[in-house]
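**Q** For reference, this is entry-v6.cif, and it has mmCIF, C-alpha atoms.
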data_start
loop_
_atom_site.label_atom_id
_atom_site.label_comp_id
_atom_site.auth_asym_id
_atom_site.auth_seq_id
_atom_site.Cartn_x
_atom_site.Cartn_y
_atom_site.Cartn_z
CA MET A 1395 167.64 178.94 155.96
CA THR A 1396 170.83 180.71 154.87
CA ASP A 1397 171.28 178.27 151.99
CA THR A 1398 167.69 178.88 150.86
CA CYS A 1399 168.15 182.64 150.88
CA ALA A 1400 171.41 182.31 148.98
CA ALA A 1401 169.73 180.12 146.39
CA ASP A 1402 166.94 182.67 146.03
CA ARG A 1403 169.47 185.45 145.45
CA VAL A 1404 171.25 183.41 142.79
CA GLU A 1405 167.93 182.64 141.10
CA GLU A 1406 167.01 186.34 141.20
CA GLN A 1407 170.30 187.24 139.55
CA GLN A 1408 169.84 184.60 136.87
CA PHE A 1409 166.41 185.86 135.83
CA SER A 1410 166.43 188.57 133.17
CA TYR A 1411 163.82 190.04 130.89
CA ARG A 1412 166.40 190.69 128.17
CA PRO A 1413 166.04 187.37 126.31
CA LEU A 1414 162.26 187.78 126.41
CA VAL A 1415 162.09 191.22 124.77
CA TRP A 1416 161.99 189.88 121.22
CA LEU A 1417 159.35 187.34 122.19
CA ALA A 1418 157.19 190.22 123.43
CA VAL A 1419 157.72 192.01 120.10
CA ALA A 1420 156.70 188.82 118.27
CA THR A 1421 153.50 188.44 120.31
CA PHE A 1422 152.79 192.15 119.79
CA SER A 1423 152.92 191.74 116.01
CA MET A 1424 150.70 188.66 116.30
CA GLY A 1425 148.20 190.57 118.42
CA ILE A 1426 148.08 193.53 116.03
CA ASP A 1427 147.36 191.08 113.22
CA GLY A 1428 144.38 189.70 115.11
CA TYR A 1429 142.64 193.09 115.32
CA VAL A 1430 144.01 195.21 112.49
CA LEU A 1431 141.44 194.01 109.93
CA THR A 1432 138.41 194.72 112.13
CA GLY A 1433 137.87 198.31 111.00
CA LEU A 1434 138.90 197.71 107.39
CA LEU A 1435 136.45 195.05 106.23
CA PRO A 1436 134.37 197.37 103.96
CA THR A 1437 137.53 198.62 102.25
CA ILE A 1438 138.87 195.09 101.80
CA ALA A 1439 135.54 193.92 100.41
CA ALA A 1440 135.46 196.73 97.84
CA ASP A 1441 139.06 196.20 96.75
CA LEU A 1442 138.76 192.41 96.40
CA HIS A 1443 135.25 192.61 94.89
CA VAL A 1444 133.52 190.51 97.55
CA SER A 1445 130.82 191.16 100.15
CA VAL A 1446 131.66 192.50 103.59
CA ALA A 1447 130.52 189.15 105.01
CA ALA A 1448 133.03 187.34 102.77
CA ALA A 1449 135.76 189.75 103.85
CA GLY A 1450 134.88 188.90 107.44
CA GLN A 1451 135.65 185.28 106.71
CA LEU A 1452 139.31 186.25 106.45
CA MET A 1453 139.21 186.57 110.25
CA SER A 1454 137.18 183.38 110.69
CA ALA A 1455 139.65 181.45 108.54
CA PHE A 1456 142.47 182.54 110.83
CA ALA A 1457 140.65 181.47 114.00
CA LEU A 1458 139.44 178.10 112.71
CA THR A 1459 142.85 177.23 111.28
CA ALA A 1460 144.40 177.92 114.69
CA VAL A 1461 141.82 175.70 116.43
CA PHE A 1462 142.61 172.60 114.40
CA ALA A 1463 146.24 173.14 113.38
CA GLY A 1464 147.62 174.19 116.78
CA PRO A 1465 147.60 170.78 118.50
CA VAL A 1466 148.89 169.01 115.37
CA LEU A 1467 151.79 171.42 114.86
CA GLY A 1468 152.53 171.47 118.59
CA THR A 1469 152.80 167.68 118.60
CA VAL A 1470 154.86 167.45 115.41
CA THR A 1471 157.36 170.06 116.61
CA SER A 1472 157.44 169.09 120.29
CA ARG A 1473 160.97 167.64 119.97
CA TRP A 1474 162.39 170.54 117.98
CA GLU A 1475 164.82 172.96 119.55
CA ARG A 1476 162.69 175.84 120.82
CA ARG A 1477 164.44 178.84 119.24
CA THR A 1478 164.31 177.11 115.86
CA THR A 1479 160.61 176.38 116.34
CA ILE A 1480 159.83 179.97 117.32
CA ALA A 1481 161.82 181.38 114.40
CA ALA A 1482 160.20 179.00 111.90
CA ALA A 1483 156.71 179.80 113.18
CA LEU A 1484 157.36 183.53 113.05
CA ALA A 1485 158.76 183.27 109.50
CA VAL A 1486 155.59 181.47 108.35
CA PHE A 1487 153.46 184.11 110.08
CA VAL A 1488 155.35 186.91 108.31
CA LEU A 1489 155.04 185.14 104.96
CA GLY A 1490 151.29 184.75 105.38
CA ASN A 1491 150.84 188.45 106.12
CA LEU A 1492 152.93 189.40 103.09
CA VAL A 1493 150.71 187.20 100.93
CA VAL A 1494 147.60 188.92 102.29
CA GLY A 1495 149.11 192.38 101.89
CA LEU A 1496 150.06 191.73 98.26
CA ALA A 1497 147.00 189.65 97.32
CA THR A 1498 145.26 190.63 94.08
CA THR A 1499 142.30 188.30 94.56
CA TYR A 1500 140.17 187.08 97.43
CA PRO A 1501 141.33 183.41 97.21
CA ILE A 1502 144.97 184.53 97.51
CA ALA A 1503 144.14 186.70 100.54
CA PHE A 1504 142.22 183.80 102.09
CA ALA A 1505 145.18 181.45 101.56
CA GLY A 1506 147.49 184.04 103.11
CA ARG A 1507 145.34 184.19 106.24
CA VAL A 1508 145.48 180.41 106.56
CA VAL A 1509 149.29 180.47 106.23
CA ALA A 1510 149.56 183.28 108.79
CA ALA A 1511 147.35 181.32 111.19
CA LEU A 1512 149.56 178.24 110.86
CA GLY A 1513 152.55 180.29 111.95
CA ALA A 1514 150.66 182.16 114.68
CA CYS A 1515 149.19 179.11 116.42
CA LEU A 1516 152.58 177.41 116.58
CA LEU A 1517 154.28 180.64 117.61
CA ASN A 1518 151.88 181.17 120.51
CA ALA A 1519 152.46 177.67 121.86
CA ALA A 1520 156.22 177.71 121.32
CA VAL A 1521 156.69 181.08 123.01
CA SER A 1522 154.70 180.10 126.10
CA GLY A 1523 156.50 176.76 126.35
CA TYR A 1524 159.88 178.48 126.00
CA VAL A 1525 159.13 181.04 128.73
CA ILE A 1526 157.97 178.32 131.14
CA ALA A 1527 161.08 176.24 130.39
CA VAL A 1528 163.70 178.98 130.84
CA THR A 1529 162.17 180.88 133.76
CA PRO A 1530 162.60 179.90 137.42
CA VAL A 1531 159.30 178.78 138.93
CA ARG A 1532 159.03 181.79 141.25
CA HIS A 1533 159.28 184.20 138.29
CA ARG A 1534 157.10 182.43 135.72
CA GLY A 1535 154.08 184.60 136.36
CA LYS A 1536 155.76 187.92 135.66
CA ALA A 1537 157.79 186.43 132.78
CA LEU A 1538 154.63 185.20 131.05
CA SER A 1539 152.97 188.51 131.89
CA PHE A 1540 155.82 190.39 130.20
CA VAL A 1541 155.69 188.32 127.01
CA LEU A 1542 151.89 188.11 126.83
CA GLY A 1543 151.81 191.84 127.52
CA GLY A 1544 152.84 192.37 123.90
CA LEU A 1545 149.79 190.43 122.75
CA LEU A 1546 147.40 192.24 125.09
CA THR A 1547 148.82 195.69 124.36
CA ALA A 1548 148.19 194.95 120.70
CA THR A 1549 144.47 194.62 121.43
CA ALA A 1550 144.56 198.28 122.43
CA LEU A 1551 146.31 199.37 119.25
CA GLY A 1552 145.04 196.93 116.64
CA VAL A 1553 141.85 198.72 115.55
CA PRO A 1554 143.28 202.29 115.80
CA VAL A 1555 146.46 201.28 113.95
CA GLY A 1556 144.41 199.58 111.25
CA LEU A 1557 142.20 202.62 110.76
CA VAL A 1558 145.05 205.15 110.78
CA VAL A 1559 147.64 203.24 108.73
CA GLY A 1560 144.94 201.87 106.43
CA GLN A 1561 143.67 205.29 105.36
CA SER A 1562 145.48 205.05 102.00
CA SER A 1563 145.27 201.29 101.58
CA TRP A 1564 144.13 198.36 103.72
CA ARG A 1565 147.29 196.57 102.60
CA TYR A 1566 149.63 198.85 104.55
CA PRO A 1567 148.66 197.48 107.99
CA MET A 1568 149.37 193.94 106.78
CA ILE A 1569 152.77 195.01 105.50
CA LEU A 1570 153.39 196.77 108.83
CA VAL A 1571 152.62 193.54 110.72
CA ALA A 1572 155.04 191.67 108.44
CA VAL A 1573 157.78 194.26 109.03
CA MET A 1574 157.30 194.08 112.80
CA GLY A 1575 157.41 190.30 112.64
CA THR A 1576 160.61 190.44 110.59
CA ILE A 1577 162.26 192.74 113.14
CA ALA A 1578 161.24 190.33 115.92
CA LEU A 1579 162.58 187.40 113.88
CA ALA A 1580 165.98 189.08 113.48
CA GLY A 1581 166.11 189.81 117.22
CA ILE A 1582 165.16 186.24 118.11
CA LEU A 1583 167.78 184.71 115.83
CA ARG A 1584 170.42 187.03 117.26
CA GLY A 1585 169.51 187.35 120.93
CA LEU A 1586 167.36 184.42 122.06
CA PRO A 1587 169.33 181.55 123.64
CA ARG A 1588 168.75 178.10 122.25
CA ARG A 1589 166.71 175.73 124.40
CA GLN A 1590 166.12 172.03 123.92
CA LEU A 1591 163.24 170.81 126.04
CA PRO A 1592 163.55 167.39 127.64
CA HIS A 1593 161.89 164.88 125.35
CA GLY A 1594 161.16 161.23 125.70
CA ARG A 1595 158.95 159.13 123.54
CA LEU A 1596 156.03 160.86 121.91
CA THR A 1597 153.64 158.46 123.64
CA ASP A 1598 154.99 159.66 127.01
CA GLN A 1599 154.41 163.29 126.03
CA LEU A 1600 150.86 162.54 124.95
CA ARG A 1601 150.00 160.53 128.08
CA PRO A 1602 149.16 163.60 130.25
CA LEU A 1603 146.46 164.52 127.77
CA GLY A 1604 144.40 161.65 129.13
CA ARG A 1605 144.20 163.26 132.56
CA GLN A 1606 140.73 164.59 133.32
CA ARG A 1607 142.11 167.50 135.32
CA LEU A 1608 144.19 168.73 132.38
CA LEU A 1609 141.35 168.39 129.89
CA GLY A 1610 138.99 170.12 132.30
CA SER A 1611 141.49 172.95 132.73
CA LEU A 1612 141.65 173.41 128.96
CA LEU A 1613 137.86 173.65 128.90
CA VAL A 1614 138.15 176.43 131.49
CA THR A 1615 140.16 178.39 128.92
CA THR A 1616 137.42 177.85 126.36
CA GLY A 1617 134.76 178.98 128.84
CA ILE A 1618 136.57 182.18 129.75
CA LEU A 1619 137.00 183.17 126.10
CA ALA A 1620 133.45 182.15 125.20
CA GLY A 1621 132.08 184.33 127.99
CA SER A 1622 134.26 187.19 126.81
CA PHE A 1623 133.50 187.06 123.09
CA THR A 1624 129.76 186.65 123.61
CA CYS A 1625 129.90 190.37 124.42
CA PHE A 1626 133.20 191.63 122.96
CA THR A 1627 132.25 190.74 119.38
CA TYR A 1628 129.11 192.86 119.70
CA ALA A 1629 130.51 195.61 121.91
CA VAL A 1630 129.56 198.24 119.34
CA LEU A 1631 125.90 197.20 119.65
CA ILE A 1632 126.06 197.23 123.44
CA LEU A 1633 127.90 200.53 123.82
CA GLY A 1634 126.90 202.24 120.57
CA PRO A 1635 123.69 203.88 121.85
CA SER A 1636 125.69 205.70 124.55
CA PHE A 1637 128.70 206.42 122.32
CA PRO A 1638 127.43 207.06 118.78
CA ALA A 1639 130.58 208.68 117.37
CA GLY A 1640 133.06 206.33 115.72
CA TRP A 1641 136.04 207.85 117.50
CA MET A 1642 134.38 207.11 120.84
CA ILE A 1643 134.28 203.37 120.15
CA ILE A 1644 137.90 203.45 119.00
CA ALA A 1645 138.89 205.19 122.24
CA ILE A 1646 136.92 202.69 124.29
CA MET A 1647 138.55 199.78 122.45
CA PHE A 1648 141.91 201.33 123.22
CA GLY A 1649 140.96 201.55 126.89
CA TYR A 1650 139.87 197.91 126.82
CA GLY A 1651 143.31 196.91 125.60
CA VAL A 1652 145.04 199.03 128.23
CA THR A 1653 143.01 197.50 131.06
CA SER A 1654 143.68 194.02 129.63
CA ALA A 1655 147.41 194.70 129.79
CA LEU A 1656 147.07 196.03 133.36
CA GLY A 1657 145.11 192.96 134.45
CA ASN A 1658 147.77 190.77 132.88
CA ALA A 1659 150.58 192.60 134.69
CA ILE A 1660 148.82 192.40 138.07
CA THR A 1661 147.92 188.71 137.96
CA GLY A 1662 151.36 187.87 136.56
CA ARG A 1663 152.88 189.03 139.81
CA LEU A 1664 150.14 187.52 141.94
CA ALA A 1665 150.70 184.13 140.28
CA ASP A 1666 154.29 184.24 141.57
CA ARG A 1667 153.12 184.85 145.15
CA PHE A 1668 149.99 182.71 145.36
CA PRO A 1669 148.86 179.41 143.79
CA ALA A 1670 147.77 180.04 140.19
CA PRO A 1671 144.38 178.26 140.61
CA ARG A 1672 143.53 180.57 143.52
CA VAL A 1673 144.38 183.67 141.47
CA LEU A 1674 142.25 182.36 138.61
CA THR A 1675 139.35 181.73 140.99
CA VAL A 1676 139.36 185.40 142.01
CA VAL A 1677 139.53 186.51 138.37
CA LEU A 1678 136.57 184.31 137.41
CA ILE A 1679 134.47 185.58 140.32
CA VAL A 1680 135.23 189.18 139.32
CA LEU A 1681 134.27 188.47 135.69
CA LEU A 1682 131.03 186.79 136.76
CA LEU A 1683 129.99 189.58 139.14
CA ASN A 1684 130.93 192.18 136.54
CA SER A 1685 128.62 190.58 133.97
CA ILE A 1686 125.72 190.32 136.42
CA LEU A 1687 126.08 193.88 137.75
CA GLY A 1688 126.74 195.24 134.27
CA MET A 1689 123.54 193.66 132.94
CA GLY A 1690 121.57 195.22 135.78
CA GLY A 1691 123.23 198.59 135.29
CA LEU A 1692 122.38 198.68 131.59
CA LEU A 1693 118.68 198.60 132.54
CA LEU A 1694 119.01 202.13 133.93
CA THR A 1695 117.24 204.91 132.05
CA SER A 1696 119.64 207.81 132.65
CA ALA A 1697 121.87 208.38 129.61
CA THR A 1698 124.80 209.42 131.79
CA ALA A 1699 124.43 206.39 134.07
CA LEU A 1700 124.23 204.07 131.05
CA ALA A 1701 127.44 205.51 129.65
CA VAL A 1702 129.31 205.19 132.95
CA VAL A 1703 128.05 201.66 133.61
CA GLY A 1704 128.82 200.57 130.05
CA VAL A 1705 132.41 201.78 130.09
CA SER A 1706 133.03 200.51 133.63
CA TRP A 1707 131.70 197.05 132.72
CA PHE A 1708 133.72 196.89 129.50
CA PHE A 1709 137.00 198.00 131.06
CA LEU A 1710 136.65 195.65 134.03
CA GLN A 1711 135.90 192.83 131.60
CA GLY A 1712 139.12 193.71 129.79
CA ALA A 1713 141.09 193.61 133.03
CA GLY A 1714 139.59 190.24 133.94
CA ASN A 1715 140.15 188.68 130.53
CA GLY A 1716 143.74 189.90 130.43
CA GLY A 1717 144.24 188.78 134.02
CA ALA A 1718 143.07 185.22 133.36
CA ALA A 1719 145.80 184.42 130.83
CA VAL A 1720 148.88 184.15 133.05
CA PRO A 1721 147.53 182.11 135.99
CA GLN A 1722 145.89 179.73 133.54
CA GLN A 1723 149.13 179.17 131.62
CA VAL A 1724 151.10 178.76 134.86
CA ARG A 1725 148.56 176.20 136.04
CA LEU A 1726 148.64 174.27 132.76
CA GLY A 1727 152.44 174.32 132.67
CA GLY A 1728 152.53 172.86 136.17
CA LEU A 1729 150.07 170.09 135.32
CA ALA A 1730 152.19 168.67 132.50
CA PRO A 1731 155.68 170.25 132.36
CA GLU A 1732 156.99 167.32 130.30
CA SER A 1733 154.41 168.06 127.58
CA ALA A 1734 154.57 171.87 127.60
CA ALA A 1735 154.74 172.29 123.82
CA ILE A 1736 151.66 170.17 123.20
CA VAL A 1737 149.67 171.54 126.16
CA MET A 1738 150.31 175.16 125.17
CA ALA A 1739 149.25 174.38 121.61
CA LEU A 1740 146.04 172.87 122.95
CA ASN A 1741 145.51 175.94 125.12
CA GLY A 1742 145.87 178.11 122.03
CA SER A 1743 143.20 176.01 120.32
CA ALA A 1744 140.99 176.32 123.40
CA ILE A 1745 141.35 180.11 123.15
CA SER A 1746 140.40 180.17 119.47
CA LEU A 1747 137.52 177.74 120.06
CA GLY A 1748 136.18 179.84 122.93
CA SER A 1749 136.38 183.00 120.81
CA ALA A 1750 134.48 181.34 117.96
CA LEU A 1751 131.85 179.82 120.27
CA GLY A 1752 131.29 183.09 122.10
CA SER A 1753 130.82 185.01 118.85
CA ALA A 1754 128.43 182.33 117.59
CA VAL A 1755 126.37 182.26 120.81
CA GLY A 1756 126.06 186.04 120.81
CA GLY A 1757 125.08 186.11 117.14
CA ILE A 1758 122.42 183.43 117.59
CA ALA A 1759 121.00 185.24 120.61
CA LEU A 1760 120.76 188.55 118.76
CA THR A 1761 119.11 186.84 115.77
CA ALA A 1762 116.57 185.31 118.15
CA GLY A 1763 115.64 188.76 119.40
CA THR A 1764 117.80 189.18 122.50
CA ALA A 1765 118.65 192.80 123.25
CA PRO A 1766 122.39 193.61 123.09
CA SER A 1767 122.44 194.21 126.86
CA GLY A 1768 121.03 190.70 127.32
CA LEU A 1769 124.30 189.28 126.03
CA LEU A 1770 125.80 190.09 129.43
CA GLY A 1771 123.36 187.63 130.97
CA LEU A 1772 124.45 184.92 128.54
CA ALA A 1773 128.08 185.69 129.36
CA ALA A 1774 127.27 185.41 133.07
CA GLY A 1775 125.75 181.96 132.52
CA ILE A 1776 128.84 180.78 130.61
CA LEU A 1777 131.16 182.20 133.27
CA ALA A 1778 129.16 180.61 136.10
CA ALA A 1779 129.50 177.18 134.47
CA THR A 1780 133.20 177.86 133.85
CA LEU A 1781 133.74 178.82 137.50
CA VAL A 1782 132.10 175.59 138.69
CA LEU A 1783 134.28 173.54 136.32
CA HIS A 1784 137.37 175.42 137.47
CA LEU A 1785 136.62 174.74 141.13
CA ILE A 1786 136.11 171.02 140.37
CA VAL A 1787 139.39 170.58 138.47
CA SER A 1788 141.30 172.68 141.03
CA ARG A 1789 140.40 170.50 144.00
CA PRO A 1790 143.46 168.91 145.66
#
In structure tokens, what does this structure look like?

**A**
Amino acid sequence: MTDTCAADRVEEQQFSYRPLVWLAVATFSMGIDGYVLTGLLPTIAADLHVSVAAAGQLMSAFALTAVFAGPVLGTVTSRWERRTTIAAALAVFVLGNLVVGLATTYPIAFAGRVVAALGACLLNAAVSGYVIAVTPVRHRGKALSFVLGGLLTATALGVPVGLVVGQSSWRYPMILVAVMGTIALAGILRGLPRRQLPHGRLTDQLRPLGRQRLLGSLLVTTGILAGSFTCFTYAVLILGPSFPAGWMIIAIMFGYGVTSALGNAITGRLADRFPAPRVLTVVLIVLLLNSILGMGGLLLTSATALAVVGVSWFFLQGAGNGGAAVPQQVRLGGLAPESAAIVMALNGSAISLGSALGSAVGGIALTAGTAPSGLLGLAAGILAATLVLHLIVSRP
């Protein structure tokens, strides 16, 4: 007993957030990039002489590139030293954003988004794999929560930053993202310890991918994001009638990001105290009940009640979505620690795929005549199926 306590104290002393600070800055810049264009599409379209729909494809290009390139890059770089991989990915991400910010034509901007996505998808996987590798098991939850907190906090600031900084030119936010990424790159090269992950033959690293439990767990990631983006993409349509002023939606989006970061921080600590699958089960149940109750609440006729229900539903969804990230990554890391780089890349692709599927499902439903509030019912159906799958793959 004494030896165990002594070992715990040594482990506690060895754990430090300091090496992870620059990783959090890197994920913050990556998160800002994912949202900064949202409020600027009309301006971009006018400047590059394309339609708003074409400008929107700059975001789609980023997501689809991440879906397909993430696993390939994760596999190719799985034997690389981790700090080198992170730095290289971040450098590519910065380069891509500079290309977009300086683009004089739409094709150049499109190419820049593809380049930025190549760096971002590898960066996301490499950072998560690094944190899992260098952090003692009992601290992985809060370590991942700290690093991913940069990404989730960026969801709160992305749209407001884009609108404020982009008042003079839509290019300034892209340059800002590149500058932030460059600062993070300098900090990583200077302050992040090198780490070489154990590596055997590539066939051995790929073998865990044949496990049904791992593949099912990756589909859980896709389901969570699909359920989220079925509504998040069209949040303005759902909440707009109760909050018609533009600044109101910006404030609500900011609140969504804040609650996402809070959910992430809470479950990060819970994942260190309880089994990650159990924490994720609670999060999924909360998300499911929130969608069902939110859908019912939006049928109310009182304007005040609609506003309160709408904001409550949206913020709780943010907390749940943010809270799902850490226990899911801890669970995936535990399923295949010898293949962390590849598994985290696949998880990144599962995230992008879920986002794209959710947006598509919501769009198809609205085109077919579904009321915006009805999207919560679709999300509930997706989350219910995801919860069942999660319970199946989590069985001992």

**Q** Nearest residue to Gln1590 in chain A out of A:Leu1435, A:Leu1781, A:Ile1577, A:Ala1527, using only C-alpha atoms?

**A**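 The closest residue to Gln1590 in chain A is A:Ala1527.
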
**Q** Can you turn the PyMOL selection byres ((chain A and resi 1730) around 12) into a concrete residue list for this file, as a PDB file with C-alpha atoms, in the frame of the given file?

**A**
ATOM      1  CA  GLY A1523     156.500 176.760 126.350  1.00  0.00           C
ATOM      2  CA  ILE A1526     157.970 178.320 131.140  1.00  0.00           C
ATOM      3  CA  ALA A1527     161.080 176.240 130.390  1.00  0.00           C
ATOM      4  CA  ASP A1598     154.990 159.660 127.010  1.00  0.00           C
ATOM      5  CA  GLN A1599     154.410 163.290 126.030  1.00  0.00           C
ATOM      6  CA  LEU A1600     150.860 162.540 124.950  1.00  0.00           C
ATOM      7  CA  ARG A1601     150.000 160.530 128.080  1.00  0.00           C
ATOM      8  CA  PRO A1602     149.160 163.600 130.250  1.00  0.00           C
ATOM      9  CA  LEU A1603     146.460 164.520 127.770  1.00  0.00           C
ATOM     10  CA  GLY A1604     144.400 161.650 129.130  1.00  0.00           C
ATOM     11  CA  ARG A1605     144.200 163.260 132.560  1.00  0.00           C
ATOM     12  CA  ARG A1607     142.110 167.500 135.320  1.00  0.00           C
ATOM     13  CA  LEU A1608     144.190 168.730 132.380  1.00  0.00           C
ATOM     14  CA  LEU A1609     141.350 168.390 129.890  1.00  0.00           C
ATOM     15  CA  SER A1611     141.490 172.950 132.730  1.00  0.00           C
ATOM     16  CA  GLN A1723     149.130 179.170 131.620  1.00  0.00           C
ATOM     17  CA  VAL A1724     151.100 178.760 134.860  1.00  0.00           C
ATOM     18  CA  ARG A1725     148.560 176.200 136.040  1.00  0.00           C
ATOM     19  CA  LEU A1726     148.640 174.270 132.760  1.00  0.00           C
ATOM     20  CA  GLY A1727     152.440 174.320 132.670  1.00  0.00           C
ATOM     21  CA  GLY A1728     152.530 172.860 136.170  1.00  0.00           C
ATOM     22  CA  LEU A1729     150.070 170.090 135.320  1.00  0.00           C
ATOM     23  CA  PRO A1731     155.680 170.250 132.360  1.00  0.00           C
ATOM     24  CA  GLU A1732     156.990 167.320 130.300  1.00  0.00           C
ATOM     25  CA  SER A1733     154.410 168.060 127.580  1.00  0.00           C
ATOM     26  CA  ALA A1734     154.570 171.870 127.600  1.00  0.00           C
ATOM     27  CA  ALA A1735     154.740 172.290 123.820  1.00  0.00           C
ATOM     28  CA  ILE A1736     151.660 170.170 123.200  1.00  0.00           C
ATOM     29  CA  VAL A1737     149.670 171.540 126.160  1.00  0.00           C
ATOM     30  CA  MET A1738     150.310 175.160 125.170  1.00  0.00           C
TER      31      MET A1738
END

**Q** Rank A:Tyr1411, A:Phe1504, A:Phe1540, A:Phe1462 by their smallest atom-to-atom distance to Gly1450 in chain A, using all atoms listed in the file, and report the top residue only.

**A**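 Residue with the minimum atom-to-atom distance to Gly1450 in chain A: A:Phe1504.
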
**Q** I'd like to know which of A:Ser1445, A:Asn1518, A:Thr1499, A:Thr1653 is closest to Ile1480 in chain A, using only C-alpha atoms.

**A**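 Checking each candidate against Ile1480 in chain A, we get A:Asn1518 as the closest.
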
**Q** For the file shown, report as a PyMOL selection string the outcome of the PyMOL selection byres ((chain A and resi 1484) around 8) at residue level.

**A** chain A and resi 1420+1480-1483+1485-1488+1513-1514+1517+1575+1579

**Q** Hey, can you check how far CA of Leu1613 in chain A sits from CA of Leu1542 in chain A?

**A**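 Between these atoms lies a distance of 20.3 Å.
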
**Q** Using only C-alpha atoms, which residues sit within 10 Å of Arg1565 in chain A once same-chain residues fewer than 5 positions away are excluded, as a list in words?

**A** Leu1431, Leu1434, Thr1437, Ile1438, Asn1491, Leu1492, Val1494, Gly1495, Leu1496, Ala1497, Gly1556, Val1559, Gly1560 and Leu1570 of chain A

**Q** Considering only C-alpha atoms, state which residue in the set A:Pro1669, A:Gly1490, A:Gly1691, A:Gly1748 is at the smallest distance from Val1720 in chain A.

**A**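 Checking each of A:Pro1669, A:Gly1490, A:Gly1691, A:Gly1748 against Val1720 in chain A, counting only C-alpha atoms, the winner is A:Pro1669.
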
**Q** Spell out the residues picked by the PyMOL selection byres ((chain A and resi 1761-1778) around 6) here, as a list in words.

**A**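 The output of the PyMOL selection byres ((chain A and resi 1761-1778) around 6) on this file is Gly1621, Cys1625, Ile1632, Leu1682, Ser1685, Met1689, Ile1758, Ala1759, Leu1760, Ala1779, Thr1780 and Leu1781 of chain A.
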
**Q** Could you work out how far CA of Trp1707 in chain A lies from CA of Ser1522 in chain A, giving the answer in Å with one decimal?

**A**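 According to the coordinates, CA of Ser1522 in chain A and CA of Trp1707 in chain A are separated by 29.3 Å.
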
**Q** Looking at only C-alpha atoms, which of A:Ala1537, A:Leu1700, A:Leu1489, A:Val1673 is the one that sits closest to His1784 in chain A?

**A**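 Closest to His1784 in chain A, using only C-alpha atoms: A:Val1673.
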
**Q** Would you mind reading off the distance between CA of Arg1588 in chain A and CA of Ala1510 in chain A, one decimal, in Å?

**A** 24.0 Å

**Q** Give the answer as one residue: which of A:Val1558, A:Val1614, A:Val1509, A:Val1703 has the shortest atom-to-atom distance to Leu1785 in chain A, using only C-alpha atoms?

**A**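 Among the listed residues, A:Val1614 lies closest to Leu1785 in chain A.
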
**Q** Can you save range 1600-1625 of chain A of the given block to a file, including C-alpha atoms and formatted as a PDB file, in the first residue's frame?

**A**
ATOM      1  CA  LEU A1600      -2.715  -2.012 -38.744  1.00  0.00           C
ATOM      2  CA  ARG A1601      -3.883  -5.303 -37.205  1.00  0.00           C
ATOM      3  CA  PRO A1602      -6.045  -3.676 -34.464  1.00  0.00           C
ATOM      4  CA  LEU A1603      -8.088  -1.998 -37.176  1.00  0.00           C
ATOM      5  CA  GLY A1604      -9.652  -5.367 -37.906  1.00  0.00           C
ATOM      6  CA  ARG A1605     -11.198  -5.535 -34.452  1.00  0.00           C
ATOM      7  CA  GLN A1606     -14.964  -5.065 -34.550  1.00  0.00           C
ATOM      8  CA  ARG A1607     -14.979  -3.269 -31.203  1.00  0.00           C
ATOM      9  CA  LEU A1608     -12.538  -0.626 -32.448  1.00  0.00           C
ATOM     10  CA  LEU A1609     -14.383  -0.071 -35.707  1.00  0.00           C
ATOM     11  CA  GLY A1610     -17.683   0.108 -33.848  1.00  0.00           C
ATOM     12  CA  SER A1611     -16.206   2.669 -31.465  1.00  0.00           C
ATOM     13  CA  LEU A1612     -15.111   4.816 -34.398  1.00  0.00           C
ATOM     14  CA  LEU A1613     -18.668   4.675 -35.734  1.00  0.00           C
ATOM     15  CA  VAL A1614     -19.822   5.967 -32.345  1.00  0.00           C
ATOM     16  CA  THR A1615     -17.735   9.083 -33.004  1.00  0.00           C
ATOM     17  CA  THR A1616     -19.424   9.495 -36.380  1.00  0.00           C
ATOM     18  CA  GLY A1617     -22.861   9.085 -34.805  1.00  0.00           C
ATOM     19  CA  ILE A1618     -22.247  11.682 -32.114  1.00  0.00           C
ATOM     20  CA  LEU A1619     -21.077  14.270 -34.642  1.00  0.00           C
ATOM     21  CA  ALA A1620     -23.857  13.422 -37.099  1.00  0.00           C
ATOM     22  CA  GLY A1621     -26.453  13.928 -34.383  1.00  0.00           C
ATOM     23  CA  SER A1622     -24.832  17.222 -33.453  1.00  0.00           C
ATOM     24  CA  PHE A1623     -24.455  18.726 -36.922  1.00  0.00           C
ATOM     25  CA  THR A1624     -27.962  17.742 -37.996  1.00  0.00           C
ATOM     26  CA  CYS A1625     -28.994  20.674 -35.795  1.00  0.00           C
TER      27      CYS A1625
END
